[in-house]
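A quick write-up on the structure given underneath.
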Amino acid sequence: MEKEYRTIETEVRLPYRLAYGETWTRFFEGMKQEKIFGTKCAKCNRVLVPARTFCPRCFVDTDEWIECSQEGTLIAWCLTNYRYFAQPIEPPFISGLISLDGTDVNFLHLVGGFDMSSLDTVRGKVKNGMRVRAVWEKEKKGHILDIKYFEPC
Amino acid sequence: MGRPVAVIGVGQTKHGKRMDICYPDLVRQAVVAVFEETGLSPEDIDGVVSGTMPSMMEGVAMTHFYFADAMQAVGKPILKTETCGSTGVSIAHSAYYWISSGMADVVLAVGHEKMNEGDSQATMTTVMEPFYQRFFLSGAPGVFSMQCQGWSVRFDIPEEKVREAAAVLSVDHHDAAFDNPYAHVKVRLSVDDVKNAKVITYPIRLYDVCPNSDGACAVIFASEEMAKKLGKKTAWVKGVGYRGEEQFFGDSDKATWPSAVGAAKEAYKQAGITNPRKELDVAEIYDPFTYQEMLFYECFGFCNFGEAPDLVLEGVFSQKGDLPCDPSGGVLCTNPIGATGLIRVGEAALQVMGKAGDHQIPGAKTALAHAMGGIDQFNGIMILGSEL
């Protein structure tokens, strides 16, 4: 048998206070009003969501704010059913890439509003290309989880 | 391209759950191994480049300083390259640039990770910004599963076919790991074992996913003059490519993955490769997930999009196929992340040197090594050849 050596328990726990800045602040203020804001690039004409300060491809400021549709099409998804330290959302949950109508990038959020305890039920229910719509929490915090999830519609 | 650059030696530790050894001593084992292999000693080294995945995987921030002694970097220039999963290939690229530019003749490249000492998926989730994406992308499995799910539906690949092909790859790689003395997971599996394993992040199941490994790899790169002076078998760097995408996961099309396609194109251009499936003899692809490995085959031009599962089922990428992929057992069986990309480079180099032991692909002359990092964000490639 291999010799066992000692181990030590340690922890790194550091506090942060991160600046939202102008663009994130306006985007999350929108969440409080049940609005999903994007910005449009005047050069490539793409509508980017969540809203950006600048277009990552054209590197120009995106000053035109767009209130995006709250409905869209599911592009890809996966069902998470494992745990890790400080996981923000209780599994099982479904993450999805959603193409909100009238936008040009995919929006990342949860797909839900139905029972996820059985994989077969989930597989029968969730299909790429299906239409989904945002469902909002009653209490808003100006947070990405003010949208509870996107439900099939 | 600048000056020619060669890989002159590879050292690895036994990878696995290594609670028997502290991190610097583990790193030193790989460094000692490559010095023994090449016959060089620390005074022959002009510079050292090393890297991990996110440093905080093991709770120490500046690992290249922590390992200055273990890597014999004291008194020399030292670099750290940290590009998430592609760190190992980025370290190799850094060493290559250093020598190719003429600024060094011999560079020691070291990749390392100890994934069993912290919470690997929690650490990886900190790669994502905390305003928006971090809530929805649960570690590596969340990101890669969604990508692969989207890819298979986009290209109309029946779910059962992808699952079957993924299982065949998994069985192949797990069998291959028995021929690699350094590999971590050694288990004999059947196709049904893989297909019926528990779901981690649907559609991905347990044996479609790599392990958490502890391990280190050290590779010595040298200029043409130094390589010839040593007079040993060498592997020549024929081409390198590295490409990235936007930081938001939803901003680019992960089902046709521009960074993977672009990195391969650049490396092929430098290496003069026009038909990779024919001209490559072996590939060491970064395959932490079986499903993703098939997408890489397509991005690297081994076949058209949507075709990889069929070709896997025909055996094209098996050890005796047209283009054997991951004869070392791959990332699927061994993944100490900061070392993983450098292990791909090392394994590719050993193949073209004819020194890959029991997993040698007979007569291999040209090999591809690859790694991917971030939220599906960056891809890096190095092509190695037996001739200058």
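Each chain in the structure tokens gets a letter, A, B, ..., in the order shown, and its residues are numbered from 1; ligands are numbered from 1 in order too.
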
Counting only C-alpha atoms, which residues of chain A come no farther than 7 Å from chain B, as a compact mmCIF listing (two decimals) with N, CA and C atoms, in the first residue's frame?
```txt
# COMPACT_ATOMS: atom_id res chain seq x y z
N GLU A 4 0.45 7.19 2.97
CA GLU A 4 -0.45 8.35 2.97
C GLU A 4 0.30 9.55 3.53
N TYR A 5 0.20 10.69 2.87
CA TYR A 5 0.82 11.92 3.37
C TYR A 5 -0.26 12.88 3.84
N VAL A 12 -9.48 30.52 0.21
CA VAL A 12 -9.26 31.88 -0.26
C VAL A 12 -10.63 32.51 -0.41
N PRO A 56 -18.18 44.54 -30.51
CA PRO A 56 -16.91 43.81 -30.39
C PRO A 56 -16.24 43.57 -31.74
N ILE A 75 -31.91 28.03 -29.59
CA ILE A 75 -30.85 27.62 -30.52
C ILE A 75 -30.11 26.38 -29.99
N ALA A 76 -29.87 26.32 -28.69
CA ALA A 76 -29.14 25.19 -28.09
C ALA A 76 -29.44 25.19 -26.60
N TRP A 77 -29.31 24.02 -25.95
CA TRP A 77 -29.59 23.96 -24.51
C TRP A 77 -28.86 22.77 -23.90
N CYS A 78 -28.74 22.79 -22.58
CA CYS A 78 -28.29 21.60 -21.86
C CYS A 78 -28.90 21.59 -20.46
N LEU A 79 -29.02 20.42 -19.94
CA LEU A 79 -29.60 20.24 -18.61
C LEU A 79 -28.47 19.97 -17.62
N THR A 80 -28.29 20.87 -16.66
CA THR A 80 -27.25 20.68 -15.64
C THR A 80 -27.85 19.97 -14.43
N ASN A 81 -27.18 18.90 -14.06
CA ASN A 81 -27.68 18.15 -12.90
C ASN A 81 -26.51 17.69 -12.04
N TYR A 82 -25.58 18.61 -11.79
CA TYR A 82 -24.49 18.31 -10.84
C TYR A 82 -24.19 19.58 -10.08
N TYR A 84 -21.53 22.25 -7.81
CA TYR A 84 -20.18 22.71 -7.47
C TYR A 84 -20.29 23.81 -6.42
N PHE A 85 -19.15 24.17 -5.85
CA PHE A 85 -19.11 25.13 -4.73
C PHE A 85 -19.68 26.48 -5.17
N PRO A 88 -24.71 29.29 -8.26
CA PRO A 88 -25.75 30.31 -8.03
C PRO A 88 -27.18 29.81 -8.23
N ILE A 89 -27.35 28.76 -9.00
CA ILE A 89 -28.71 28.26 -9.30
C ILE A 89 -28.78 26.79 -8.91
N SER A 95 -29.96 25.51 -19.18
CA SER A 95 -29.43 26.74 -19.76
C SER A 95 -29.71 26.69 -21.25
N LEU A 97 -29.39 28.93 -25.21
CA LEU A 97 -29.04 30.07 -26.06
C LEU A 97 -30.30 30.42 -26.83
N VAL A 105 -27.37 38.37 -31.99
CA VAL A 105 -26.54 37.43 -31.22
C VAL A 105 -27.48 36.62 -30.34
N ASN A 106 -26.96 35.54 -29.78
CA ASN A 106 -27.83 34.71 -28.94
C ASN A 106 -27.74 35.14 -27.48
N PHE A 107 -28.88 35.16 -26.83
CA PHE A 107 -29.00 35.58 -25.43
C PHE A 107 -28.99 34.32 -24.58
N LEU A 108 -28.20 34.39 -23.49
CA LEU A 108 -28.03 33.22 -22.63
C LEU A 108 -28.94 33.37 -21.41
N HIS A 109 -29.75 32.36 -21.14
CA HIS A 109 -30.58 32.41 -19.93
C HIS A 109 -31.10 31.00 -19.62
N LEU A 110 -32.06 30.92 -18.72
CA LEU A 110 -32.64 29.63 -18.33
C LEU A 110 -33.89 29.34 -19.16
N ILE A 144 -29.86 39.99 -13.51
CA ILE A 144 -30.16 39.13 -14.67
C ILE A 144 -31.23 38.08 -14.31
```

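Those residues that approach Trp24 (chain A) to within 12 Å, counting only C-alpha atoms, are Leu18, Ala19, Tyr20, Gly21, Glu22, Arg26, Phe27, Phe28, Glu29, Gly30, Met31, Ile36, Phe37, Gly38, Thr39, Val49, Pro50, Ala51, Arg52, Thr53, Gly142, His143 and Ile144 of chain A; Pro130, Phe131 and Tyr132 of chain B; same-chain residues fewer than 2 positions away are not listed.
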
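Near Val194 (chain B), within a cut-off of 7 Å and counting only C-alpha atoms, sit the residues Ala167, Ser190, Val191, Ala197 and Tyr207 of chain B, with same-chain residues fewer than 3 positions away left out.
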
Test item, alpha helix (DSSP H) assignment across region 218-315 of chain B, answer as a PyMOL selection string:
chain B and resi 224-230+258-271+276-279+290-299+308-314

Could you check which of B:Pro211, B:Gly373, B:Gly330, B:Gly380 is closest to Ala264 (chain B), using only C-alpha atoms?
B:Gly380

Where does region 335-376 of chain B meet region 298-308 of chain B within 12 Å, residue by residue, with the nearest atom pair and distance in Å to one decimal for each, counting only C-alpha atoms, listed by chain and rising number, as CSV?
```
residue,atom,partner,partner_atom,distance
B:Leu368,CA,B:Phe300,CA,10.0
B:Ala369,CA,B:Phe300,CA,11.3
B:His370,CA,B:Phe300,CA,10.1
```

Since we have the selection now, will you write its residues out, keeping N, CA and C atoms, as a CSV table (one decimal), in the first residue's frame?
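Writing the result to result.csv gives the following:
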```
chain,number,residue,atom,x,y,z
B,368,LEU,N,-0.6,16.7,-35.6
B,368,LEU,CA,-1.2,17.9,-35.2
B,368,LEU,C,-1.5,17.8,-33.7
B,369,ALA,N,-1.2,18.9,-33.0
B,369,ALA,CA,-1.5,19.0,-31.6
B,369,ALA,C,-2.4,20.2,-31.4
B,370,HIS,N,-3.3,20.1,-30.5
B,370,HIS,CA,-4.4,21.1,-30.3
B,370,HIS,C,-4.8,21.3,-28.9
```

Can you pull out the residues contacting Ala267 (chain B)? Cut-off 7 Å, using only C-alpha atoms, and skip same-chain residues under 5 positions away; I want them as a PyMOL selection string.
chain B and resi 239-241+381-383

Write out, as a compact mmCIF listing (two decimals), in the first residue's frame, the residues just selected, with N, CA and C atoms.
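Final output, saved to out_23.txt:
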```
# COMPACT_ATOMS: atom_id res chain seq x y z
N GLY B 239 4.16 24.48 -38.14
CA GLY B 239 3.17 25.55 -38.24
C GLY B 239 2.46 25.75 -36.91
N VAL B 240 2.05 26.99 -36.66
CA VAL B 240 1.27 27.28 -35.45
C VAL B 240 0.08 28.17 -35.83
N GLY B 241 -1.01 28.00 -35.12
CA GLY B 241 -2.18 28.85 -35.35
C GLY B 241 -2.92 29.05 -34.04
N ILE B 381 -3.21 25.60 -32.21
CA ILE B 381 -2.71 24.40 -32.90
C ILE B 381 -1.20 24.50 -33.10
N MET B 382 -0.52 23.37 -33.03
CA MET B 382 0.88 23.29 -33.43
C MET B 382 1.03 22.03 -34.28
N ILE B 383 1.65 22.17 -35.45
CA ILE B 383 1.91 21.02 -36.32
C ILE B 383 3.39 20.65 -36.17
```

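Per DSSP on the backbone, strand (DSSP E or B) in region 211-323 of chain B comprises Asp214, Gly215, Ala216, Cys217, Ala218, Val219, Ile220, Phe221, Ala222, Ser223, Ala235, Trp236, Val237, Lys238, Gly239, Val240, Gly241, Tyr242, Arg243, Gly244, Val282, Ala283, Glu284 and Phe289 of chain B.
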
Keeping only N, CA and C atoms, write those residues as a JSON list (two decimals), in the first residue's frame.
```json
[["chain", "number", "residue", "atom", "x", "y", "z"],
["B", 214, "ASP", "N", -4.29, 15.51, -11.77],
["B", 214, "ASP", "CA", -3.12, 16.25, -11.30],
["B", 214, "ASP", "C", -1.94, 15.76, -12.15],
["B", 215, "GLY", "N", -1.12, 16.71, -12.62],
["B", 215, "GLY", "CA", 0.02, 16.26, -13.41],
["B", 215, "GLY", "C", 0.80, 17.44, -13.97],
["B", 216, "ALA", "N", 1.96, 17.14, -14.52],
["B", 216, "ALA", "CA", 2.80, 18.17, -15.13],
["B", 216, "ALA", "C", 3.50, 17.60, -16.35],
["B", 217, "CYS", "N", 3.85, 18.51, -17.25],
["B", 217, "CYS", "CA", 4.56, 18.13, -18.48],
["B", 217, "CYS", "C", 5.60, 19.20, -18.75],
["B", 218, "ALA", "N", 6.79, 18.77, -19.13],
["B", 218, "ALA", "CA", 7.85, 19.71, -19.47],
["B", 218, "ALA", "C", 8.40, 19.34, -20.84],
["B", 219, "VAL", "N", 8.59, 20.35, -21.69],
["B", 219, "VAL", "CA", 9.08, 20.13, -23.05],
["B", 219, "VAL", "C", 10.22, 21.12, -23.29],
["B", 220, "ILE", "N", 11.31, 20.64, -23.88],
["B", 220, "ILE", "CA", 12.40, 21.55, -24.23],
["B", 220, "ILE", "C", 12.38, 21.81, -25.74],
["B", 221, "PHE", "N", 12.36, 23.10, -26.08],
["B", 221, "PHE", "CA", 12.40, 23.56, -27.48],
["B", 221, "PHE", "C", 13.81, 24.09, -27.74],
["B", 222, "ALA", "N", 14.29, 23.92, -28.97],
["B", 222, "ALA", "CA", 15.64, 24.39, -29.29],
["B", 222, "ALA", "C", 15.72, 24.93, -30.72],
["B", 223, "SER", "N", 16.69, 25.80, -30.94],
["B", 223, "SER", "CA", 16.94, 26.32, -32.29],
["B", 223, "SER", "C", 17.56, 25.19, -33.13],
["B", 235, "ALA", "N", 11.65, 16.78, -33.21],
["B", 235, "ALA", "CA", 10.39, 17.03, -33.92],
["B", 235, "ALA", "C", 10.40, 18.51, -34.28],
["B", 236, "TRP", "N", 10.17, 18.82, -35.54],
["B", 236, "TRP", "CA", 10.25, 20.23, -36.00],
["B", 236, "TRP", "C", 8.87, 20.86, -35.99],
["B", 237, "VAL", "N", 8.83, 22.10, -35.53],
["B", 237, "VAL", "CA", 7.56, 22.84, -35.56],
["B", 237, "VAL", "C", 7.33, 23.31, -36.99],
["B", 238, "LYS", "N", 6.26, 22.83, -37.60],
["B", 238, "LYS", "CA", 5.98, 23.14, -39.01],
["B", 238, "LYS", "C", 4.97, 24.27, -39.16],
["B", 239, "GLY", "N", 4.16, 24.48, -38.14],
["B", 239, "GLY", "CA", 3.17, 25.55, -38.24],
["B", 239, "GLY", "C", 2.46, 25.75, -36.91],
["B", 240, "VAL", "N", 2.05, 26.99, -36.66],
["B", 240, "VAL", "CA", 1.27, 27.28, -35.45],
["B", 240, "VAL", "C", 0.08, 28.17, -35.83],
["B", 241, "GLY", "N", -1.01, 28.00, -35.12],
["B", 241, "GLY", "CA", -2.18, 28.85, -35.35],
["B", 241, "GLY", "C", -2.92, 29.05, -34.04],
["B", 242, "TYR", "N", -3.38, 30.27, -33.81],
["B", 242, "TYR", "CA", -4.15, 30.55, -32.59],
["B", 242, "TYR", "C", -5.19, 31.61, -32.93],
["B", 243, "ARG", "N", -6.45, 31.34, -32.61],
["B", 243, "ARG", "CA", -7.52, 32.29, -32.93],
["B", 243, "ARG", "C", -8.54, 32.34, -31.80],
["B", 244, "GLY", "N", -9.18, 33.52, -31.66],
["B", 244, "GLY", "CA", -10.17, 33.69, -30.60],
["B", 244, "GLY", "C", -11.50, 34.22, -31.10],
["B", 282, "VAL", "N", -1.20, 11.58, -37.64],
["B", 282, "VAL", "CA", -1.78, 11.39, -36.31],
["B", 282, "VAL", "C", -2.15, 12.77, -35.76],
["B", 283, "ALA", "N", -3.17, 12.81, -34.91],
["B", 283, "ALA", "CA", -3.56, 14.08, -34.29],
["B", 283, "ALA", "C", -3.81, 13.86, -32.81],
["B", 284, "GLU", "N", -3.32, 14.80, -32.01],
["B", 284, "GLU", "CA", -3.61, 14.80, -30.57],
["B", 284, "GLU", "C", -4.53, 15.99, -30.34],
["B", 289, "PHE", "N", -14.41, 16.29, -24.03],
["B", 289, "PHE", "CA", -15.74, 15.71, -24.23],
["B", 289, "PHE", "C", -15.76, 14.99, -25.59]]
```

Can you tell me which residues surround Ala177 (chain B) at a distance of at most 10 Å, considering only C-alpha atoms, apart from same-chain residues fewer than 6 positions away, and format the answer as a PyMOL selection string?
chain B and resi 183-188+326-330+332-334+359

Keeping only N, CA and C atoms, write those residues as a PDB file, in the first residue's frame.
```
ATOM      1  N   ALA B 183      -1.003   7.919 -18.418  1.00  0.00           N
ATOM      2  CA  ALA B 183      -2.436   8.254 -18.450  1.00  0.00           C
ATOM      3  C   ALA B 183      -3.088   8.074 -17.084  1.00  0.00           C
ATOM      4  N   HIS B 184      -4.149   8.822 -16.846  1.00  0.00           N
ATOM      5  CA  HIS B 184      -4.839   8.814 -15.555  1.00  0.00           C
ATOM      6  C   HIS B 184      -5.875   7.680 -15.476  1.00  0.00           C
ATOM      7  N   VAL B 185      -6.964   7.824 -16.213  1.00  0.00           N
ATOM      8  CA  VAL B 185      -8.076   6.861 -16.091  1.00  0.00           C
ATOM      9  C   VAL B 185      -7.771   5.628 -16.938  1.00  0.00           C
ATOM     10  N   LYS B 186      -7.742   4.480 -16.299  1.00  0.00           N
ATOM     11  CA  LYS B 186      -7.539   3.232 -17.030  1.00  0.00           C
ATOM     12  C   LYS B 186      -8.680   2.306 -16.687  1.00  0.00           C
ATOM     13  N   VAL B 187      -9.644   2.214 -17.574  1.00  0.00           N
ATOM     14  CA  VAL B 187     -10.805   1.395 -17.328  1.00  0.00           C
ATOM     15  C   VAL B 187     -11.280   0.823 -18.664  1.00  0.00           C
ATOM     16  N   ARG B 188     -11.631  -0.471 -18.648  1.00  0.00           N
ATOM     17  CA  ARG B 188     -12.160  -1.098 -19.878  1.00  0.00           C
ATOM     18  C   ARG B 188     -13.659  -0.872 -19.906  1.00  0.00           C
ATOM     19  N   ASP B 326      -5.741  10.912 -30.976  1.00  0.00           N
ATOM     20  CA  ASP B 326      -5.517  10.704 -29.551  1.00  0.00           C
ATOM     21  C   ASP B 326      -5.131   9.264 -29.184  1.00  0.00           C
ATOM     22  N   PRO B 327      -4.052   8.752 -29.813  1.00  0.00           N
ATOM     23  CA  PRO B 327      -3.582   7.412 -29.437  1.00  0.00           C
ATOM     24  C   PRO B 327      -3.054   7.345 -28.004  1.00  0.00           C
ATOM     25  N   SER B 328      -2.844   8.500 -27.377  1.00  0.00           N
ATOM     26  CA  SER B 328      -2.388   8.525 -25.978  1.00  0.00           C
ATOM     27  C   SER B 328      -3.545   8.253 -25.016  1.00  0.00           C
ATOM     28  N   GLY B 329      -4.763   8.188 -25.557  1.00  0.00           N
ATOM     29  CA  GLY B 329      -5.949   8.124 -24.700  1.00  0.00           C
ATOM     30  C   GLY B 329      -6.584   9.496 -24.558  1.00  0.00           C
ATOM     31  N   GLY B 330      -5.791  10.508 -24.951  1.00  0.00           N
ATOM     32  CA  GLY B 330      -6.340  11.859 -25.052  1.00  0.00           C
ATOM     33  C   GLY B 330      -6.700  12.507 -23.735  1.00  0.00           C
ATOM     34  N   LEU B 332      -9.622  12.922 -22.732  1.00  0.00           N
ATOM     35  CA  LEU B 332     -10.743  12.184 -22.143  1.00  0.00           C
ATOM     36  C   LEU B 332     -10.292  11.325 -20.962  1.00  0.00           C
ATOM     37  N   CYS B 333      -9.034  10.839 -21.030  1.00  0.00           N
ATOM     38  CA  CYS B 333      -8.536   9.972 -19.958  1.00  0.00           C
ATOM     39  C   CYS B 333      -7.559  10.685 -19.016  1.00  0.00           C
ATOM     40  N   THR B 334      -7.089  11.862 -19.402  1.00  0.00           N
ATOM     41  CA  THR B 334      -6.057  12.557 -18.612  1.00  0.00           C
ATOM     42  C   THR B 334      -6.205  14.054 -18.815  1.00  0.00           C
ATOM     43  N   HIS B 359       2.010   3.224 -27.757  1.00  0.00           N
ATOM     44  CA  HIS B 359       0.945   3.859 -28.549  1.00  0.00           C
ATOM     45  C   HIS B 359       1.498   4.591 -29.776  1.00  0.00           C
TER      46      HIS B 359
END
```

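Closest approach to Gly262 (chain B) from the set B:Thr340, B:Asp156, B:Gly231, B:Phe296 is made by B:Phe296, with distances taken over only C-alpha atoms.
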
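With distances restricted to only C-alpha atoms, B:Asn379 is the closest residue to Lys265 (chain B) from B:Asn212, B:Pro309, B:Tyr96, B:Asn379.
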
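Coordinates place CA of Gly111 (chain B) at a distance of 9.3 Å from CA of Ala92 (chain B).
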
Determine, counting only C-alpha atoms, which protein, DNA and RNA residues have an atom within 9 Å of an atom of Pro42 (chain B); residues of the same chain fewer than 3 positions away are not included. Present the result as a count of residues only.
6

Find the residues around region 63-72 of chain A up to 7 Å (only C-alpha atoms counted), leave out those fewer than 4 positions away in its own chain, and share them as a PyMOL selection string.
chain A and resi 35-40+98-101+131-134
